[in-house]
Every structure is written in structure tokens, then in C-alpha cells.
Amino acid sequence: IVLTEELHRIAYNKAFQKFNVQIEGKAVDWTVEHYDVLQNTIGGGKPKMKWHFNKYGWPSSSVSSTPPSTEETQQELVDSLQDAKTEFYKEIVEEVATARPGVLELMDEAIKHPNIAVGICSASTKEGFVKVVNKVVGPERLSNLDVVMAGDDVKVKKPDPMIYNLARERIGVPSEMCVVVEDSIVGLKAAKGAGMKCIITYTSSTKDQDFKAVGADVVLEDLGNVNLEKIFKPMYESMQVQGSPSLSLADSGK
């Protein structure tokens with residue numbers, strides 16, 4: 001919906017600064033390049049931090065002058081950082097967040113169609129997620145969606161397919177008739193793990209990734225030229241011929 005990854009990165013670094021997070025005396029600061037790795041490897045903010053600290057060492061901070069050594073104290077640090085990050089993120093979202101091209105138009109078209117269910121499934125924590133969707137999607141449009149889920153609503157985050165499986169169950173649609181729009185390898189793996197078609201709208205940091213090799217059905221820069229007919233007509237026609245739906249838009253060739 002929104003190009004949020006850079007906003008998340010900035011918010012995490014603000015949280016690290018607030019708590020004076022250091023590993024072996026060096027301040028923790030996630031660069032654009034490092035965050036690209038994180039966002040395409042691990043879903044969810046707390047798992048990202050745990051992955052980083054397990055790999056590079058648990059840090060000292062204003063929470064504790066020595067690195068946390070137990071699972072409980074490590075969780076306390078991650079929880080504190082995530083809470084601070086969410087507050088910074090909400091402030092940033094309020095200032096700069098806007099919808100990507102074509103997203104709201106496609107959403108509105110789907111909402112009006114009597115035979116199509118539409119929803120949002122995000123890996124973000126609910127507090128930060130709600131701030132984004134309320135500002136960008138808007139309360140009225142949100143009230144017309146069939147399902148809205150955040151990372152807090154599932155036990156396991158993307159790339160695990162749980163969030164998409166639960167969403168499908170709630171709206172009562174078979175997985176082969178579901179189409180997911182994602183922007184990362186992590187999200188793509190979640191969609192394909194749930195047995196769903198997936199359209200990738202890549203970002204500046206993911207445009208060179210081989211999404212097709214991971215199973216993407218279509219790869220596009222954005223949804224500016226996409227409508228419901230372009231998505232579902234090929235699926236319907238393929239079902240008439242081969243008995244199962246396939247998805248093929250005019251894509252970027254990636």
C-alpha cells in the first residue's frame with residue numbers, strides 16, 4: 001500500500017539512538033543495504049532485531065549497561081525497542097506516508113464488486129499498521145474491507161503463510177482463487193506458501209531481485225495500469241481451458 005520500508009528503517013535507528021544501543025562500543029545503525037537484507041529475510045520487527053543481535057551480538061543499552069544474557073532480558077530489550085520504534089514510526093507516517101500508484105483505485109474497484117472479497121494482511125505490529133491504514137486508506141474504505149489483519153494477529157509472521165491462510169479462511173475463498181499483492185521476497189514466500197497467486201510490485205531496493213525464480217506470477221513496478229479485469233479475466237479463461245486458474249498480466253519481464 002505504502003513504500004514503508006525506509007520509514008521503518010529510520011524509526012528503528014531512532015529507537016536505537018534513544019536507548020543508546022551499542023554492540024562492543026559501536027552504536028547500532030541499520031544502513032539501507034543492511035535493512036534490505038533484513039526485510040527480504042525476516043518478517044516482523046522483533047524477529048528482525050533478534051536475528052541481527054543473534055548474528056552480531058546482543059547490545060548494551062540504557063535498559064542495561066551489559067548485554068542481556070537470558071531469553072527474558074533479551075525479550076525485554078526487544079520489546080522496549082519495538083515500542084519506541086512504533087512511536088517514532090507513527091510520527092514519520094503522519095508526516096510523509098502516501099499510497100503507491102493504483103493501490104487505492106484497485107481497492108475501490110474490488111470493494112464495489114459484489115463477487116470479490118478484499119482485505120489487507122500486514123506483518124507490521126497493529127499499532128503502527130493502524131496508523132498507516134487510517135491515514136492512507138482511510139476509515140470509510142477500511143470499514144468496507146472483508147478482512148484486515150496485522151502481524152499481532154498471527155503466531156508466526158511472514159514468510160510463514162499463516163496470515164494468508166487465516167485471511168482466506170475468514171472470507172471463505174479457496175487459495176487457488178486468491179491473488180496477493182506483495183513487494184518483497186518474504187511476502188512472496190508467504191503468498192506462495194498459502195497456495196495463492198502473487199503479483200509483485202517491486203521497490204527501489206528490491207527491483208533487481210529475481211521474484212520469478214521464487215514463484216511470482218507477475219512482477220510490476222506498481223499497480224497504476226492494473227484493474228480487476230486484467231487480474232481475473234486470465235484466471236477465468238485458463239480455468240475454462242485447463243481446469244485451474246493461472247495469472248498472466250503484461251509485466252516487466254523480471
# chains A, B, ... in the order shown; residues from 1 in each chain; ligands from 1
>>> closest_atom_pairs(of="range 111-164 of chain A", to="range 48-62 of chain A", cutoff="12 Å", atoms="only C-alpha atoms", output="Markdown table")
| residue | atom | partner | partner_atom | distance |
| --- | --- | --- | --- | --- |
| A:Ala123 | CA | A:Lys48 | CA | 11.6 |
| A:Ser124 | CA | A:Lys48 | CA | 11.6 |
| A:Lys157 | CA | A:Lys48 | CA | 11.0 |
| A:Lys158 | CA | A:Lys48 | CA | 11.6 |
>>> residues_around(residues="Ala167 in chain A", least_positions_apart="4", cutoff="7 Å", atoms="only C-alpha atoms", output="short mmCIF file (atom, residue, chain, number, x, y, z; two decimals) with N, CA and C atoms, in the first residue's frame")
data_model
loop_
_atom_site.label_atom_id
_atom_site.label_comp_id
_atom_site.auth_asym_id
_atom_site.auth_seq_id
_atom_site.Cartn_x
_atom_site.Cartn_y
_atom_site.Cartn_z
N VAL A 147 -11.55 -8.32 5.30
CA VAL A 147 -10.64 -8.81 6.33
C VAL A 147 -9.46 -7.84 6.43
N ILE A 163 -0.73 -15.92 8.00
CA ILE A 163 -1.62 -14.76 7.91
C ILE A 163 -2.53 -14.87 6.69
N ILE A 171 -12.69 -15.30 4.93
CA ILE A 171 -13.56 -14.86 3.83
C ILE A 171 -14.14 -16.02 3.04
#
>>> residues_around(residues="Tyr164 in chain A", least_positions_apart="3", cutoff="7 Å", atoms="only C-alpha atoms", output="PDB file with N, CA and C atoms, in the first residue's frame")
ATOM      1  N   PRO A 161       3.108 -18.717   5.865  1.00  0.00           N
ATOM      2  CA  PRO A 161       1.853 -18.353   5.203  1.00  0.00           C
ATOM      3  C   PRO A 161       0.662 -18.203   6.138  1.00  0.00           C
ATOM      4  N   ALA A 167      -6.630 -15.423   6.689  1.00  0.00           N
ATOM      5  CA  ALA A 167      -7.464 -14.482   5.950  1.00  0.00           C
ATOM      6  C   ALA A 167      -8.381 -15.217   4.975  1.00  0.00           C
ATOM      7  N   ARG A 168      -7.826 -16.200   4.296  1.00  0.00           N
ATOM      8  CA  ARG A 168      -8.619 -16.982   3.346  1.00  0.00           C
ATOM      9  C   ARG A 168      -9.756 -17.712   4.054  1.00  0.00           C
ATOM     10  N   ALA A 191       2.804 -15.791   0.424  1.00  0.00           N
ATOM     11  CA  ALA A 191       1.688 -15.966  -0.505  1.00  0.00           C
ATOM     12  C   ALA A 191       1.751 -17.313  -1.211  1.00  0.00           C
ATOM     13  N   ALA A 194       0.938 -20.251   0.878  1.00  0.00           N
ATOM     14  CA  ALA A 194      -0.501 -20.411   1.091  1.00  0.00           C
ATOM     15  C   ALA A 194      -1.210 -20.898  -0.170  1.00  0.00           C
TER      16      ALA A 194
END
>>> closest_atom_pairs(of="range 78-105 of chain A", to="range 13-30 of chain A", cutoff="8 Å", atoms="only C-alpha atoms", output="Markdown table")
| residue | atom | partner | partner_atom | distance |
| --- | --- | --- | --- | --- |
| A:Leu81 | CA | A:Ala15 | CA | 5.8 |
| A:Gln82 | CA | A:Ala15 | CA | 7.7 |
| A:Ala84 | CA | A:Ala15 | CA | 5.5 |
| A:Lys85 | CA | A:Ala15 | CA | 5.1 |
| A:Phe88 | CA | A:Lys14 | CA | 7.1 |
>>> closest_residue(among="A:Pro68, A:Gly119, A:Gly215, A:Gly224", to="Leu166 in chain A", atoms="only C-alpha atoms")
A:Gly119
>>> closest_residue(among="A:Lys197, A:Lys233, A:Lys112, A:Arg9", to="Val218 in chain A", atoms="only C-alpha atoms")
A:Lys197
>>> residues_around(residues="Thr98 in chain A", least_positions_apart="2", cutoff="10 Å", atoms="only C-alpha atoms", output="ChimeraX atom specification")
/A:1-4,93-96,100-101,132,135-137
>>> closest_residue(among="A:Ile116, A:Ile200, A:Ile111, A:Val219", to="Leu142 in chain A", atoms="only C-alpha atoms")
A:Ile111
>>> atom_distance(atom1="CA of Gly172 in chain A", atom2="CA of His113 in chain A")
16.4 Å
>>> residues_around(residues="Met177 in chain A", least_positions_apart="3", cutoff="10 Å", atoms="only C-alpha atoms", output="list in words")
Arg168, Val173, Pro174, Gly195, Met196, Lys197, Phe232, Met235, Tyr236, Ser244, Pro245 and Ser246 of chain A
>>> write_last_selection(atoms="N, CA, C and O atoms", output="PDB file, in the first residue's frame")
ATOM      1  N   ARG A 168      -7.826 -16.200   4.296  1.00  0.00           N
ATOM      2  CA  ARG A 168      -8.619 -16.982   3.346  1.00  0.00           C
ATOM      3  C   ARG A 168      -9.756 -17.712   4.054  1.00  0.00           C
ATOM      4  O   ARG A 168     -10.889 -17.764   3.565  1.00  0.00           O
ATOM      5  N   VAL A 173     -12.734 -18.254   0.818  1.00  0.00           N
ATOM      6  CA  VAL A 173     -12.339 -18.353  -0.584  1.00  0.00           C
ATOM      7  C   VAL A 173     -11.222 -19.378  -0.723  1.00  0.00           C
ATOM      8  O   VAL A 173     -10.265 -19.356   0.071  1.00  0.00           O
ATOM      9  N   PRO A 174     -11.294 -20.291  -1.699  1.00  0.00           N
ATOM     10  CA  PRO A 174     -10.208 -21.272  -1.876  1.00  0.00           C
ATOM     11  C   PRO A 174      -8.909 -20.576  -2.270  1.00  0.00           C
ATOM     12  O   PRO A 174      -8.919 -19.542  -2.952  1.00  0.00           O
ATOM     13  N   GLY A 195      -0.445 -21.139  -1.236  1.00  0.00           N
ATOM     14  CA  GLY A 195      -1.017 -21.640  -2.479  1.00  0.00           C
ATOM     15  C   GLY A 195      -1.758 -20.599  -3.284  1.00  0.00           C
ATOM     16  O   GLY A 195      -2.694 -20.932  -4.032  1.00  0.00           O
ATOM     17  N   MET A 196      -1.357 -19.331  -3.166  1.00  0.00           N
ATOM     18  CA  MET A 196      -2.058 -18.238  -3.820  1.00  0.00           C
ATOM     19  C   MET A 196      -1.255 -17.641  -4.969  1.00  0.00           C
ATOM     20  O   MET A 196      -0.032 -17.751  -5.012  1.00  0.00           O
ATOM     21  N   LYS A 197      -1.941 -17.000  -5.900  1.00  0.00           N
ATOM     22  CA  LYS A 197      -1.289 -16.227  -6.943  1.00  0.00           C
ATOM     23  C   LYS A 197      -0.697 -14.969  -6.295  1.00  0.00           C
ATOM     24  O   LYS A 197      -1.226 -14.452  -5.310  1.00  0.00           O
ATOM     25  N   PHE A 232      -8.359 -10.923 -13.123  1.00  0.00           N
ATOM     26  CA  PHE A 232      -9.213 -12.106 -13.017  1.00  0.00           C
ATOM     27  C   PHE A 232      -9.658 -12.696 -14.352  1.00  0.00           C
ATOM     28  O   PHE A 232      -9.992 -13.883 -14.414  1.00  0.00           O
ATOM     29  N   MET A 235      -7.396 -15.583 -15.280  1.00  0.00           N
ATOM     30  CA  MET A 235      -7.630 -16.708 -14.385  1.00  0.00           C
ATOM     31  C   MET A 235      -8.894 -17.463 -14.798  1.00  0.00           C
ATOM     32  O   MET A 235      -8.918 -18.698 -14.839  1.00  0.00           O
ATOM     33  N   TYR A 236      -9.952 -16.714 -15.121  1.00  0.00           N
ATOM     34  CA  TYR A 236     -11.208 -17.337 -15.531  1.00  0.00           C
ATOM     35  C   TYR A 236     -11.032 -18.099 -16.844  1.00  0.00           C
ATOM     36  O   TYR A 236     -11.481 -19.243 -16.984  1.00  0.00           O
ATOM     37  N   SER A 244      -7.774 -25.153 -14.084  1.00  0.00           N
ATOM     38  CA  SER A 244      -7.174 -24.477 -12.936  1.00  0.00           C
ATOM     39  C   SER A 244      -6.755 -23.083 -13.355  1.00  0.00           C
ATOM     40  O   SER A 244      -6.355 -22.858 -14.500  1.00  0.00           O
ATOM     41  N   PRO A 245      -6.847 -22.105 -12.428  1.00  0.00           N
ATOM     42  CA  PRO A 245      -6.554 -20.717 -12.803  1.00  0.00           C
ATOM     43  C   PRO A 245      -5.072 -20.419 -12.911  1.00  0.00           C
ATOM     44  O   PRO A 245      -4.250 -20.975 -12.187  1.00  0.00           O
ATOM     45  N   SER A 246      -4.726 -19.554 -13.866  1.00  0.00           N
ATOM     46  CA  SER A 246      -3.357 -19.049 -13.947  1.00  0.00           C
ATOM     47  C   SER A 246      -3.434 -17.540 -14.125  1.00  0.00           C
ATOM     48  O   SER A 246      -4.436 -17.004 -14.586  1.00  0.00           O
TER      49      SER A 246
END
>>> select_by_dssp(residues="range 121-253 of chain A", states="strand (DSSP E or B)", output="list in words")
Cys121, Val147, Val148, Met149, Val179, Val180, Val181, Glu182, Lys197, Cys198, Ile199, Ile200, Thr201, Val218, Val219 and Leu220 of chain A
>>> write_last_selection(atoms="all heavy atoms", output="mmCIF file, in the first residue's frame")
data_model
loop_
_atom_site.group_PDB
_atom_site.id
_atom_site.type_symbol
_atom_site.label_atom_id
_atom_site.label_comp_id
_atom_site.auth_asym_id
_atom_site.auth_seq_id
_atom_site.Cartn_x
_atom_site.Cartn_y
_atom_site.Cartn_z
ATOM 1 N N CYS A 121 -3.365 -7.686 4.695
ATOM 2 C CA CYS A 121 -2.630 -8.554 5.627
ATOM 3 C C CYS A 121 -1.213 -8.010 5.749
ATOM 4 O O CYS A 121 -0.429 -8.116 4.805
ATOM 5 C CB CYS A 121 -2.604 -9.992 5.121
ATOM 6 S SG CYS A 121 -4.216 -10.789 5.008
ATOM 7 N N VAL A 147 -11.554 -8.323 5.296
ATOM 8 C CA VAL A 147 -10.639 -8.811 6.328
ATOM 9 C C VAL A 147 -9.463 -7.845 6.433
ATOM 10 O O VAL A 147 -8.947 -7.358 5.422
ATOM 11 C CB VAL A 147 -10.145 -10.247 6.004
ATOM 12 C CG1 VAL A 147 -9.408 -10.292 4.674
ATOM 13 C CG2 VAL A 147 -9.255 -10.793 7.112
ATOM 14 N N VAL A 148 -9.065 -7.539 7.666
ATOM 15 C CA VAL A 148 -7.895 -6.697 7.932
ATOM 16 C C VAL A 148 -7.110 -7.355 9.055
ATOM 17 O O VAL A 148 -7.634 -7.569 10.149
ATOM 18 C CB VAL A 148 -8.294 -5.265 8.340
ATOM 19 C CG1 VAL A 148 -7.041 -4.446 8.655
ATOM 20 C CG2 VAL A 148 -9.117 -4.591 7.248
ATOM 21 N N MET A 149 -5.837 -7.710 8.777
ATOM 22 C CA MET A 149 -5.019 -8.410 9.761
ATOM 23 C C MET A 149 -3.629 -7.791 9.844
ATOM 24 O O MET A 149 -3.069 -7.378 8.825
ATOM 25 C CB MET A 149 -4.902 -9.895 9.409
ATOM 26 C CG MET A 149 -6.234 -10.642 9.376
ATOM 27 S SD MET A 149 -6.045 -12.390 8.927
ATOM 28 C CE MET A 149 -5.153 -12.988 10.375
ATOM 29 N N VAL A 179 -5.612 -13.770 -4.943
ATOM 30 C CA VAL A 179 -4.490 -13.046 -5.548
ATOM 31 C C VAL A 179 -3.926 -12.088 -4.510
ATOM 32 O O VAL A 179 -4.656 -11.243 -3.968
ATOM 33 C CB VAL A 179 -4.927 -12.262 -6.795
ATOM 34 C CG1 VAL A 179 -3.735 -11.488 -7.380
ATOM 35 C CG2 VAL A 179 -5.522 -13.193 -7.837
ATOM 36 N N VAL A 180 -2.647 -12.210 -4.236
ATOM 37 C CA VAL A 180 -1.957 -11.381 -3.251
ATOM 38 C C VAL A 180 -1.075 -10.370 -3.976
ATOM 39 O O VAL A 180 -0.430 -10.702 -4.972
ATOM 40 C CB VAL A 180 -1.088 -12.255 -2.321
ATOM 41 C CG1 VAL A 180 -0.260 -11.388 -1.386
ATOM 42 C CG2 VAL A 180 -1.961 -13.222 -1.535
ATOM 43 N N VAL A 181 -1.043 -9.143 -3.476
ATOM 44 C CA VAL A 181 -0.100 -8.136 -3.970
ATOM 45 C C VAL A 181 0.964 -7.944 -2.897
ATOM 46 O O VAL A 181 0.650 -7.582 -1.760
ATOM 47 C CB VAL A 181 -0.799 -6.799 -4.279
ATOM 48 C CG1 VAL A 181 0.230 -5.767 -4.759
ATOM 49 C CG2 VAL A 181 -1.892 -6.991 -5.324
ATOM 50 N N GLU A 182 2.216 -8.185 -3.242
ATOM 51 C CA GLU A 182 3.328 -8.067 -2.300
ATOM 52 C C GLU A 182 4.452 -7.237 -2.909
ATOM 53 O O GLU A 182 4.422 -6.917 -4.105
ATOM 54 C CB GLU A 182 3.855 -9.454 -1.914
ATOM 55 C CG GLU A 182 3.090 -10.135 -0.790
ATOM 56 C CD GLU A 182 3.405 -9.524 0.576
ATOM 57 O OE1 GLU A 182 4.250 -8.603 0.647
ATOM 58 O OE2 GLU A 182 2.830 -9.983 1.567
ATOM 59 N N LYS A 197 -1.941 -17.000 -5.900
ATOM 60 C CA LYS A 197 -1.289 -16.227 -6.943
ATOM 61 C C LYS A 197 -0.697 -14.969 -6.295
ATOM 62 O O LYS A 197 -1.226 -14.452 -5.310
ATOM 63 C CB LYS A 197 -2.286 -15.810 -8.024
ATOM 64 C CG LYS A 197 -3.002 -16.981 -8.690
ATOM 65 C CD LYS A 197 -2.042 -17.802 -9.526
ATOM 66 C CE LYS A 197 -2.755 -18.940 -10.243
ATOM 67 N NZ LYS A 197 -3.227 -19.995 -9.318
ATOM 68 N N CYS A 198 0.418 -14.479 -6.853
ATOM 69 C CA CYS A 198 1.056 -13.311 -6.248
ATOM 70 C C CYS A 198 1.566 -12.342 -7.308
ATOM 71 O O CYS A 198 2.334 -12.726 -8.202
ATOM 72 C CB CYS A 198 2.212 -13.730 -5.333
ATOM 73 S SG CYS A 198 2.935 -12.355 -4.410
ATOM 74 N N ILE A 199 1.130 -11.098 -7.192
ATOM 75 C CA ILE A 199 1.641 -10.004 -8.012
ATOM 76 C C ILE A 199 2.660 -9.244 -7.176
ATOM 77 O O ILE A 199 2.355 -8.816 -6.064
ATOM 78 C CB ILE A 199 0.510 -9.039 -8.429
ATOM 79 C CG1 ILE A 199 -0.551 -9.773 -9.253
ATOM 80 C CG2 ILE A 199 1.074 -7.851 -9.211
ATOM 81 C CD1 ILE A 199 -1.791 -8.931 -9.524
ATOM 82 N N ILE A 200 3.852 -9.089 -7.696
ATOM 83 C CA ILE A 200 4.882 -8.313 -7.011
ATOM 84 C C ILE A 200 4.941 -6.907 -7.603
ATOM 85 O O ILE A 200 5.031 -6.735 -8.820
ATOM 86 C CB ILE A 200 6.264 -8.969 -7.145
ATOM 87 C CG1 ILE A 200 6.368 -10.207 -6.255
ATOM 88 C CG2 ILE A 200 7.383 -7.985 -6.791
ATOM 89 C CD1 ILE A 200 6.399 -9.917 -4.761
ATOM 90 N N THR A 201 4.848 -5.905 -6.729
ATOM 91 C CA THR A 201 5.142 -4.528 -7.132
ATOM 92 C C THR A 201 6.437 -4.152 -6.405
ATOM 93 O O THR A 201 6.433 -3.848 -5.224
ATOM 94 C CB THR A 201 4.001 -3.568 -6.748
ATOM 95 O OG1 THR A 201 3.722 -3.667 -5.343
ATOM 96 C CG2 THR A 201 2.734 -3.906 -7.516
ATOM 97 N N VAL A 218 3.404 -12.456 -11.479
ATOM 98 C CA VAL A 218 3.549 -11.215 -12.240
ATOM 99 C C VAL A 218 4.453 -10.274 -11.454
ATOM 100 O O VAL A 218 4.365 -10.209 -10.224
ATOM 101 C CB VAL A 218 2.183 -10.543 -12.487
ATOM 102 C CG1 VAL A 218 2.341 -9.201 -13.184
ATOM 103 C CG2 VAL A 218 1.262 -11.450 -13.298
ATOM 104 N N VAL A 219 5.326 -9.543 -12.136
ATOM 105 C CA VAL A 219 6.200 -8.559 -11.498
ATOM 106 C C VAL A 219 6.006 -7.221 -12.183
ATOM 107 O O VAL A 219 6.201 -7.093 -13.394
ATOM 108 C CB VAL A 219 7.688 -8.982 -11.580
ATOM 109 C CG1 VAL A 219 8.570 -7.959 -10.875
ATOM 110 C CG2 VAL A 219 7.892 -10.366 -10.973
ATOM 111 N N LEU A 220 5.612 -6.209 -11.410
ATOM 112 C CA LEU A 220 5.320 -4.883 -11.942
ATOM 113 C C LEU A 220 5.993 -3.809 -11.095
ATOM 114 O O LEU A 220 6.304 -4.021 -9.922
ATOM 115 C CB LEU A 220 3.804 -4.623 -11.924
ATOM 116 C CG LEU A 220 2.901 -5.588 -12.693
ATOM 117 C CD1 LEU A 220 1.453 -5.323 -12.331
ATOM 118 C CD2 LEU A 220 3.123 -5.437 -14.186
#
>>> select_by_dssp(residues="range 39-247 of chain A", states="helix (DSSP H, G or I)", output="ChimeraX atom specification")
/A:39,45-56,71-96,103-112,126-136,139-143,151-153,162-171,175-177,185-193,211-214,228-242
>>> closest_residue(among="A:Tyr202, A:Thr125, A:Asp83, A:Ala117", to="Cys178 in chain A", atoms="only C-alpha atoms")
A:Ala117
>>> closest_residue(among="A:His34, A:Lys155, A:Arg141, A:Lys189", to="Leu106 in chain A", atoms="only C-alpha atoms")
A:Arg141
>>> residues_around(residues="Gly102 in chain A", least_positions_apart="3", cutoff="9 Å", atoms="only C-alpha atoms", output="list in words")
Ala99, Glu105, Leu106, Met107, Asp222, Leu223, Gly224, Asn225, Val226 and Asn227 of chain A
>>> write_last_selection(atoms="N, CA, C and O atoms", output="compact mmCIF listing (two decimals), in the first residue's frame")
# COMPACT_ATOMS: atom_id res chain seq x y z
N ALA A 99 -0.11 6.67 -0.57
CA ALA A 99 -0.35 5.39 -1.24
C ALA A 99 0.47 5.27 -2.51
O ALA A 99 0.73 6.26 -3.20
N GLU A 105 -7.18 2.87 -6.08
CA GLU A 105 -8.12 2.71 -7.20
C GLU A 105 -8.53 1.25 -7.36
O GLU A 105 -9.72 0.93 -7.54
N LEU A 106 -7.55 0.35 -7.29
CA LEU A 106 -7.85 -1.08 -7.40
C LEU A 106 -8.67 -1.55 -6.20
O LEU A 106 -9.60 -2.35 -6.34
N MET A 107 -8.34 -1.05 -5.03
CA MET A 107 -9.07 -1.42 -3.83
C MET A 107 -10.54 -0.98 -3.93
O MET A 107 -11.46 -1.74 -3.61
N ASP A 222 4.37 -0.94 -10.37
CA ASP A 222 3.28 -0.53 -9.49
C ASP A 222 1.96 -0.99 -10.10
O ASP A 222 1.94 -1.67 -11.13
N LEU A 223 0.85 -0.62 -9.49
CA LEU A 223 -0.48 -1.04 -9.94
C LEU A 223 -1.18 0.04 -10.76
O LEU A 223 -2.40 -0.02 -10.96
N GLY A 224 -0.42 0.99 -11.26
CA GLY A 224 -1.01 2.12 -11.97
C GLY A 224 -1.85 1.73 -13.17
O GLY A 224 -2.82 2.42 -13.51
N ASN A 225 -1.51 0.65 -13.86
CA ASN A 225 -2.25 0.23 -15.06
C ASN A 225 -2.97 -1.11 -14.86
O ASN A 225 -3.25 -1.82 -15.82
N VAL A 226 -3.28 -1.44 -13.61
CA VAL A 226 -3.91 -2.72 -13.31
C VAL A 226 -5.34 -2.50 -12.84
O VAL A 226 -5.62 -1.61 -12.05
N ASN A 227 -6.26 -3.33 -13.35
CA ASN A 227 -7.63 -3.33 -12.87
C ASN A 227 -8.09 -4.77 -12.65
O ASN A 227 -7.36 -5.72 -12.93
>>> closest_residue(among="A:Ile92, A:Ala110, A:Val186, A:Ala213", to="Glu6 in chain A", atoms="only C-alpha atoms")
A:Ile92
>>> residues_around(residues="Thr41 in chain A", least_positions_apart="3", cutoff="9 Å", atoms="only C-alpha atoms", output="list in words")
Asp36, Val37, Leu38, Lys48, Pro159, Ile185 and Val186 of chain A
>>> write_last_selection(atoms="N, CA and C atoms", output="CSV table (one decimal), in the first residue's frame")
chain,number,residue,atom,x,y,z
A,36,ASP,N,17.9,-3.8,3.7
A,36,ASP,CA,17.4,-4.6,2.5
A,36,ASP,C,17.5,-6.1,2.8
A,37,VAL,N,18.6,-6.5,3.4
A,37,VAL,CA,18.8,-7.9,3.7
A,37,VAL,C,17.8,-8.3,4.8
A,38,LEU,N,17.6,-7.5,5.8
A,38,LEU,CA,16.6,-7.8,6.8
A,38,LEU,C,15.2,-8.0,6.3
A,48,LYS,N,13.3,-9.3,13.3
A,48,LYS,CA,14.5,-8.7,12.7
A,48,LYS,C,15.5,-8.3,13.7
A,159,PRO,N,7.9,-15.0,6.4
A,159,PRO,CA,7.4,-15.7,5.2
A,159,PRO,C,6.5,-16.9,5.5
A,185,ILE,N,10.4,-10.5,-1.1
A,185,ILE,CA,10.6,-12.0,-1.2
A,185,ILE,C,9.9,-12.6,0.0
A,186,VAL,N,10.0,-12.0,1.2
A,186,VAL,CA,9.4,-12.5,2.4
A,186,VAL,C,7.9,-12.6,2.2
>>> atom_distance(atom1="CA of Asp210 in chain A", atom2="CA of Ser184 in chain A")
10.5 Å
